[in-house]
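File shown here: input.txt, holding compact mmCIF, C-alpha atoms.
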# COMPACT_ATOMS: atom_id res chain seq x y z
CA MET A 14 113.47 146.76 79.86
CA ASP A 15 111.29 145.79 82.83
CA PRO A 16 111.66 147.85 85.93
CA GLU A 17 113.21 145.91 88.76
CA PRO A 18 110.47 144.22 90.78
CA PRO A 19 109.73 146.22 93.91
CA GLU A 20 111.05 144.92 97.17
CA HIS A 21 108.32 143.26 99.18
CA PRO A 22 108.56 143.80 102.89
CA GLU A 23 108.42 140.56 104.80
CA ASP A 24 105.20 141.67 106.49
CA GLU A 25 103.44 142.22 103.16
CA LEU A 26 104.66 138.92 101.77
CA SER A 27 103.68 137.09 104.95
CA ALA A 28 100.20 138.60 104.75
CA LEU A 29 99.88 137.47 101.14
CA ILE A 30 100.99 133.94 101.96
CA ARG A 31 98.65 133.82 104.95
CA GLY A 32 95.78 135.09 102.79
CA ALA A 33 96.54 132.52 100.09
CA GLY A 34 96.63 129.81 102.74
CA ASP A 35 93.13 130.89 103.80
CA GLY A 36 91.96 130.62 100.19
CA ASP A 37 91.74 134.38 99.56
CA GLU A 38 91.51 134.89 95.79
CA ARG A 39 93.11 138.36 95.80
CA SER A 40 96.15 137.04 97.65
CA TRP A 41 96.57 134.29 95.09
CA GLU A 42 96.24 136.73 92.21
CA ARG A 43 98.86 138.99 93.75
CA LEU A 44 101.31 136.13 94.34
CA VAL A 45 100.81 134.93 90.77
CA ASP A 46 101.34 138.48 89.44
CA LEU A 47 104.56 138.78 91.38
CA TYR A 48 106.18 135.47 90.49
CA ALA A 49 104.50 133.47 87.69
CA ARG A 50 106.06 135.27 84.73
CA ARG A 51 109.49 135.16 86.31
CA ILE A 52 109.23 131.39 86.63
CA PHE A 53 107.88 131.18 83.08
CA ALA A 54 110.91 133.15 81.80
CA LEU A 55 113.32 130.84 83.63
CA ALA A 56 111.77 127.87 81.84
CA ARG A 57 111.84 129.66 78.49
CA SER A 58 115.53 130.45 78.92
CA ARG A 59 116.14 126.68 78.96
CA ARG A 60 114.44 126.50 75.55
CA LEU A 61 111.34 124.83 76.90
CA SER A 62 108.18 125.43 74.88
CA PRO A 63 105.66 128.06 76.01
CA GLU A 64 103.20 125.26 76.83
CA MET A 65 105.73 123.37 78.94
CA SER A 66 106.89 126.60 80.58
CA GLU A 67 103.31 127.37 81.59
CA GLU A 68 102.84 123.83 82.84
CA ILE A 69 105.91 124.13 85.03
CA SER A 70 104.79 127.55 86.35
CA GLN A 71 101.42 126.04 87.17
CA SER A 72 102.94 123.03 88.91
CA VAL A 73 105.07 125.30 91.13
CA PHE A 74 101.99 127.19 92.29
CA VAL A 75 100.04 123.97 92.76
CA THR A 76 102.87 122.73 94.98
CA LEU A 77 102.66 125.96 96.97
CA ALA A 78 98.87 125.62 97.31
CA THR A 79 99.13 122.02 98.46
CA LYS A 80 101.80 122.81 101.01
CA LEU A 81 99.82 125.76 102.35
CA SER A 82 96.69 123.60 102.67
CA THR A 83 98.36 120.74 104.46
CA GLY A 84 100.43 123.01 106.72
CA GLU A 85 103.69 121.67 105.29
CA TYR A 86 104.91 125.10 104.22
CA ASP A 87 107.35 126.42 106.81
CA GLU A 88 109.71 128.80 105.02
CA ARG A 89 109.11 131.96 107.01
CA GLY A 90 111.20 134.80 105.62
CA ARG A 91 112.59 132.65 102.81
CA PHE A 92 109.62 132.42 100.48
CA GLU A 93 111.30 133.59 97.27
CA PRO A 94 114.38 131.36 97.56
CA TRP A 95 112.07 128.42 98.32
CA LEU A 96 109.73 129.17 95.39
CA PHE A 97 112.55 129.59 92.88
CA ARG A 98 114.33 126.49 94.15
CA VAL A 99 111.18 124.45 93.46
CA ALA A 100 110.91 126.10 90.05
CA MET A 101 114.55 125.49 89.09
CA ASN A 102 114.33 121.82 90.13
CA ARG A 103 111.29 121.33 87.89
CA ILE A 104 112.89 123.18 85.00
CA ARG A 105 116.16 121.22 85.25
CA ASP A 106 114.28 117.91 85.45
CA GLU A 107 112.19 118.74 82.40
CA ALA A 108 115.17 120.01 80.40
CA ARG A 109 117.09 116.80 81.19
CA ARG A 110 114.07 114.69 80.27
CA GLN A 111 113.67 116.48 76.96
CA LYS A 112 117.36 116.12 76.16
CA ARG A 113 117.15 112.37 76.75
CA HIS A 114 114.15 112.07 74.42
CA ALA A 115 115.15 114.76 71.94
CA THR A 116 114.95 114.18 68.22
CA PRO A 117 116.87 116.21 65.63
CA SER A 118 113.72 118.26 64.92
CA ASP A 119 113.41 119.50 68.54
CA PRO A 120 114.88 122.91 69.33
CA VAL A 121 116.46 121.53 72.48
CA TRP A 122 118.52 119.15 70.37
CA PHE A 123 120.27 122.13 68.84
CA GLU A 124 121.05 123.85 72.10
CA GLY A 125 124.47 125.41 71.78
CA ALA A 126 124.28 125.38 68.01
CA ARG A 127 122.96 128.22 65.92
CA THR A 128 119.31 127.62 64.99
CA PRO A 129 116.85 129.76 63.08
CA PRO A 130 115.03 131.84 65.71
CA PRO A 131 111.23 131.83 66.03
CA ALA A 132 109.44 134.69 64.29
CA ALA A 133 108.83 136.53 67.54
CA GLU A 134 112.52 136.43 68.35
CA ALA A 135 113.90 137.12 64.90
CA ASP A 136 116.78 139.00 66.29
CA ALA A 137 120.13 137.45 65.50
CA SER A 138 121.89 139.08 68.40
CA THR A 139 119.25 137.88 70.88
CA ASP A 140 119.56 134.38 69.48
CA ALA A 141 123.33 134.51 69.73
CA LEU A 142 123.04 135.59 73.33
CA ARG A 143 120.68 132.67 74.03
CA ASP A 144 123.17 130.26 72.48
CA ALA A 145 126.01 131.73 74.50
CA VAL A 146 124.09 131.35 77.76
CA GLY A 147 123.42 127.73 76.79
CA GLN A 148 127.15 127.12 76.55
CA LEU A 149 127.92 128.26 80.09
CA ASN A 150 128.49 125.60 82.72
CA ASP A 151 125.46 124.76 84.87
CA SER A 152 126.36 126.82 87.93
CA ASP A 153 127.23 129.97 85.94
CA ARG A 154 124.14 129.58 83.81
CA GLU A 155 121.94 129.23 86.88
CA ILE A 156 123.21 132.50 88.37
CA ILE A 157 122.71 134.37 85.07
CA GLU A 158 119.17 133.02 84.67
CA LEU A 159 118.09 133.62 88.26
CA ARG A 160 119.43 137.16 88.11
CA HIS A 161 118.26 138.30 84.66
CA HIS A 162 115.21 136.11 83.94
CA GLY A 163 114.06 135.52 87.51
CA GLN A 164 114.90 139.08 88.62
CA MET A 165 116.22 137.83 91.94
CA SER A 166 118.55 139.88 94.08
CA PHE A 167 122.01 138.48 94.81
CA LYS A 168 120.97 138.13 98.43
CA GLN A 169 118.02 135.93 97.44
CA ILE A 170 120.18 133.88 95.07
CA ALA A 171 122.72 133.42 97.87
CA GLU A 172 119.97 132.17 100.20
CA MET A 173 118.64 129.86 97.55
CA LEU A 174 121.98 128.33 96.62
CA GLY A 175 123.46 128.46 100.13
CA GLU A 176 126.54 130.39 99.05
CA PRO A 177 128.05 133.70 100.23
CA VAL A 178 126.94 136.81 98.32
CA GLY A 179 130.56 137.72 97.54
CA THR A 180 131.16 134.35 95.87
CA LEU A 181 128.04 134.79 93.76
CA LEU A 182 129.02 138.31 92.70
CA ALA A 183 132.41 137.04 91.58
CA ARG A 184 130.87 134.15 89.66
CA HIS A 185 128.31 136.43 88.03
CA HIS A 186 131.07 138.79 86.92
CA ARG A 187 133.11 135.91 85.53
CA ALA A 188 130.05 134.52 83.67
CA LEU A 189 129.39 137.93 82.07
CA LYS A 190 132.98 138.08 80.88
CA LYS A 191 132.69 134.61 79.38
CA LEU A 192 129.53 135.63 77.55
CA ARG A 193 131.15 138.77 76.21
CA SER A 194 134.08 136.73 75.03
CA MET A 195 131.81 134.18 73.32
CA LEU A 196 129.78 136.87 71.58
CA GLU A 197 132.83 138.78 70.40
CA THR A 198 134.61 135.70 69.08
CA PRO A 199 133.28 133.93 65.97
CA PRO A 200 132.27 130.32 66.67
CA GLN A 201 135.22 128.74 64.83
CA ASP A 202 137.68 130.92 66.73
CA GLN A 203 135.83 130.14 69.95
CA ARG A 204 136.36 126.41 69.35
CA LYS A 205 140.07 127.05 68.81
CA ALA A 206 140.20 129.12 71.97
CA ASP A 207 138.43 126.38 73.94
CA ALA A 208 140.82 123.74 72.53
CA SER A 209 143.86 125.75 73.48
CA MET B 29 116.97 145.68 86.57
CA THR B 30 119.77 147.79 87.93
CA ASN B 31 123.21 146.40 87.34
CA GLU B 32 125.16 148.12 90.06
CA HIS B 33 127.35 145.04 90.35
CA THR B 34 128.63 145.23 86.78
CA THR B 35 131.65 147.03 85.38
CA PRO B 36 131.87 149.07 82.18
CA GLU B 37 133.38 145.96 80.66
CA THR B 38 130.40 143.69 81.45
CA ASP B 39 127.57 146.22 81.61
CA PRO B 40 126.49 145.90 77.93
CA ILE B 41 126.16 142.12 78.30
CA ALA B 42 124.19 142.53 81.53
CA GLN B 43 121.82 144.92 79.79
CA ARG B 44 121.32 142.51 76.90
CA LEU B 45 120.58 139.72 79.36
CA ASP B 46 118.01 141.93 81.10
CA ALA B 47 116.37 142.57 77.75
CA LEU B 48 116.32 138.84 76.97
CA GLY B 49 114.70 138.14 80.35
CA ALA B 50 112.06 140.80 79.63
CA ILE B 51 111.28 139.18 76.25
CA ASP B 52 110.82 135.80 77.89
CA ARG B 53 108.63 137.17 80.67
CA ALA B 54 106.48 139.02 78.14
CA SER B 55 106.09 135.91 75.98
CA ALA B 56 103.70 134.24 78.40
CA PRO B 57 100.39 133.53 76.63
CA GLY B 58 97.15 135.42 77.27
CA SER B 59 95.22 134.73 80.49
CA PHE B 60 98.38 133.07 81.79
CA GLU B 61 98.04 134.50 85.30
CA ARG B 62 94.32 133.66 85.51
CA ARG B 63 94.96 130.00 84.66
CA ILE B 64 97.79 129.74 87.17
CA ALA B 65 95.70 131.31 89.96
CA ASP B 66 92.73 129.06 89.16
CA ALA B 67 94.92 125.95 89.17
CA ALA B 68 96.42 126.93 92.53
CA MET B 69 93.04 127.56 94.12
CA ASP B 70 91.62 124.31 92.70
CA ALA B 71 94.58 122.40 94.12
CA GLN B 72 94.06 124.09 97.45
CA SER B 73 90.39 123.08 97.58
CA SER B 74 91.10 119.48 96.69
CA ALA B 75 93.97 119.26 99.17
CA GLN B 76 91.66 120.06 102.10
CA THR B 77 91.51 116.96 104.30
CA PRO B 78 87.93 115.66 104.62
CA ALA B 79 86.52 115.45 108.14
CA PRO B 80 86.74 111.98 109.68
CA ILE B 81 83.51 109.97 109.61
CA GLN B 82 81.92 109.91 113.09
CA ILE B 83 80.10 106.76 114.13
CA GLY B 84 77.09 107.92 116.18
CA ALA B 85 76.31 106.46 119.61
CA ARG B 86 72.92 105.25 118.42
CA ARG B 87 74.71 102.79 116.20
CA VAL B 88 76.45 101.09 119.10
CA TRP B 89 73.61 98.59 119.52
CA LEU B 90 74.46 97.24 116.11
CA ARG B 91 77.75 95.89 117.37
CA PRO B 92 76.41 92.92 119.45
CA VAL B 93 73.86 92.20 116.74
CA GLY B 94 76.65 92.08 114.24
CA ALA B 95 78.73 89.85 116.51
CA LEU B 96 75.77 87.49 116.97
CA ALA B 97 75.13 87.35 113.23
CA ALA B 98 78.79 86.58 112.64
CA ALA B 99 78.72 83.81 115.27
CA VAL B 100 75.59 82.26 113.71
CA LEU B 101 77.23 82.42 110.33
CA VAL B 102 80.38 80.70 111.59
CA VAL B 103 78.45 77.93 113.40
CA GLY B 104 76.20 77.40 110.38
CA ALA B 105 79.15 77.21 108.05
CA GLY B 106 80.87 74.74 110.39
CA ALA B 107 77.78 72.51 110.58
CA ALA B 108 77.35 72.59 106.82
CA ALA B 109 80.98 71.66 106.36
CA TRP B 110 80.68 68.81 108.86
CA PHE B 111 77.60 67.35 107.15
CA THR B 112 79.25 67.71 103.79
CA LEU B 113 82.60 66.19 104.72
CA ARG B 114 81.64 63.41 107.18
CA PRO B 115 82.16 59.85 105.84
CA SER B 116 78.96 58.43 104.35
CA PRO B 117 77.86 54.94 105.54
CA THR B 118 78.89 52.21 103.17
CA PRO B 119 75.97 50.34 101.54
CA ALA B 120 75.10 47.15 103.39
CA THR B 121 75.58 43.81 101.76
CA ASN B 122 72.69 41.28 101.48
CA THR B 123 73.98 39.14 104.38
CA GLU B 124 74.24 42.17 106.63
CA SER B 125 70.70 43.21 105.67
CA ILE B 126 69.30 39.82 106.62
CA THR B 127 71.16 39.85 109.93
CA GLN B 128 69.95 43.34 110.67
CA LEU B 129 66.35 42.34 109.81
CA ALA B 130 66.49 39.33 112.17
CA SER B 131 67.82 41.59 114.88
CA LEU B 132 64.96 43.99 114.32
CA GLU B 133 62.42 41.22 114.66
CA GLN B 134 63.99 40.12 117.91
CA ASP B 135 63.82 43.70 119.20
CA VAL B 136 60.12 43.94 118.29
CA ASP B 137 59.43 40.67 120.09
CA ASP B 138 61.21 41.92 123.19
CA LEU B 139 59.20 45.14 123.14
CA LEU B 140 55.90 43.22 122.85
CA ALA B 141 56.87 40.97 125.75
CA LEU B 142 57.71 43.98 127.85
CA ALA B 143 54.32 45.52 127.02
CA ASP B 144 52.53 42.35 128.15
CA LEU B 145 54.46 42.35 131.37
CA LEU B 146 53.51 45.97 132.02
CA ASP B 147 49.86 45.17 131.33
CA GLU B 148 49.92 42.34 133.84
CA HIS B 149 51.43 44.43 136.57
CA ALA B 150 49.41 47.51 135.83
CA GLY B 151 46.30 46.07 137.55
CA SER B 152 48.13 45.11 140.72
CA TRP B 153 49.91 48.48 140.79
CA SER B 154 46.63 50.34 140.52
CA GLY B 155 45.00 48.18 143.22
CA GLN B 156 47.87 48.83 145.55
CA LEU B 157 47.61 52.54 144.83
CA ARG B 158 43.88 52.57 145.59
CA SER B 159 44.42 50.63 148.85
CA ASP B 160 47.11 53.06 149.97
CA ALA B 161 44.81 56.00 149.21
CA ASP B 162 42.01 54.45 151.23
CA SER B 163 44.32 53.88 154.17
CA LEU B 164 45.51 57.44 154.01
CA GLY B 165 41.92 58.72 153.81
CA ASP B 166 40.93 56.69 156.85
CA SER B 167 43.83 58.02 158.82
CA ILE B 168 43.02 61.58 157.92
CA GLY B 169 39.36 61.02 158.75
CA ARG B 170 40.23 59.75 162.18
CA THR B 171 42.48 62.66 162.87
CA TRP B 172 39.80 65.08 161.72
CA ASP B 173 37.21 63.44 164.00
CA ALA B 174 39.57 63.72 166.96
CA LEU B 175 40.11 67.37 166.29
CA GLY B 176 36.35 67.88 166.08
CA THR B 177 35.86 66.25 169.44
CA ILE B 178 38.51 68.44 171.04
CA ALA B 179 36.94 71.52 169.52
CA ASP B 180 33.49 70.61 170.81
CA GLU B 181 34.86 70.07 174.32
CA TYR B 182 36.60 73.43 174.21
CA VAL B 183 33.42 75.21 173.11
CA GLU B 184 31.38 73.58 175.86
CA GLU B 185 33.91 74.58 178.52
CA SER B 186 33.94 78.14 177.21
CA ILE B 187 30.17 78.48 177.50
Could you express the structure from this file as structure tokens?
Amino acid sequence: MDPEPPEHPEDELSALIRGAGDGDERSWERLVDLYARRIFALARSRRLSPEMSEEISQSVFVTLATKLSTGEYDERGRFEPWLFRVAMNRIRDEARRQKRHATPSDPVWFEGARTPPPAAEADASTDALRDAVGQLNDSDREIIELRHHGQMSFKQIAEMLGEPVGTLLARHHRALKKLRSMLETPPQDQRKADAS
Amino acid sequence: MTNEHTTPETDPIAQRLDALGAIDRASAPGSFERRIADAAMDAQSSAQTPAPIQIGARRVWLRPVGALAAAVLVVGAGAAAWFTLRPSPTPATNTESITQLASLEQDVDDLLALADLLDEHAGSWSGQLRSDADSLGDSIGRTWDALGTIADEYVEESI
């Protein structure tokens, strides 16, 4: 399990963003190290391909670079919520687009159904967990993904979604219980439970 | 990731989700970070606004020259259009040609008569001119003589 990402004091983050805005290569590398894989994982959790996940990660950083260059970036103290909001919008748009154009051979077409996992993820329980997350409603799924794939704190998620931290904690807890219930109940029984 | 917000009931699921997130983060391809950083820096370079083009003061003289050239062009185009579009004279008929020829002959006759008249009067005009010049010369001569006389008298008195 990854260690929790270290907290970045606002001063350090501001210095990095300022350095990146001035074109400093080390600042860019540090920002990419801190956030790129977290964005990539968010895209992967929506069953987007590694190529598309990288493309989305890249587009988020290109957006940041453009906004820093043109002076449009003005999110002092709210960098992470802003960055992940941009990322989630891109990921949702792409996932919707792929669903509209999906064919039966695309993995996204089977979302929510049990599919043979890729070789690297040949773990039935991991695949079951992925399927269960895919069956959550959008708002619950977003909190689970931002917390466990994006490694965001509840405070950051609250800032990003504009909701109180207490509300998010309650929703996160409820989503975990739903997942546990889905994973403990066989699919046919789950359908009966949903119908009742 | 610490799960201090979970309960014993939900903690196993939270831990499995953390593990899933770690798998997905680790699945990024090789040189992933390098490509992202390069793309960001490339975008930053291309997003820099180019400096506005400054028109130097030494080019100011070109403005009236340009205006003059434009005016000449407009006038020339207008003249060309006028010559092109004006109604062309209709071809004359035979009767009209004969009438016009007779009129031309009459005009030539009139011009010749006028020339004769001028020749006749030219001699008298030149004689008159010569006579007037002589009269004027005489008058000037007399005046000059009178002045000479006065000057001589003045000189004699002075001596």
>> Using all atoms listed in the file, which protein or nucleic acid residues come within 6 Å of region 44-59 of chain A? Drop anything in the same chain fewer than 6 positions from it, and give the result as a PyMOL selection string.
In response: (chain A and resi 66+70+104+162-163) or (chain B and resi 52-53)
> By how many Å are CA of Arg98 (chain A) and CA of Leu159 (chain A) apart?
Replying inline: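 Between CA of Arg98 (chain A) and CA of Leu159 (chain A) the gap works out to 10.0 Å.
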> What separation in Å, quoted to one decimal, exists between CA of Ala100 (chain A) and CA of Ser72 (chain A)?
Replying inline: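 So the answer is 8.6 Å.
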>> Counting all atoms listed in the file, a student should be able to say which residues of chain B come within 6 Å of chain A; what is the right answer, written as a ChimeraX atom specification?
In response: /B:29,38,45-47,49-50,52-53,64-65,68,71-72,75
> What is the distance between CA of Gln169 (chain A) and CA of Glu23 (chain A), in Å to one decimal?
Replying inline: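 Straight-line distance from CA of Gln169 (chain A) to CA of Glu23 (chain A) works out to 13.0 Å.
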> Which residues come within 12 Å of Lys168 (chain A), counting only C-alpha atoms, excluding same-chain residues fewer than 4 positions away, as an NGL selection string?
Replying inline: :A and (91 or 93-94 or 156 or 159-160 or 164 or 172-182)
> Out of A:Ala137, A:Ile30, A:Trp95, A:Met101, which residue has the shortest atom-to-atom distance to Arg154 (chain A) when counting all atoms listed in the file?
Replying inline: A:Met101
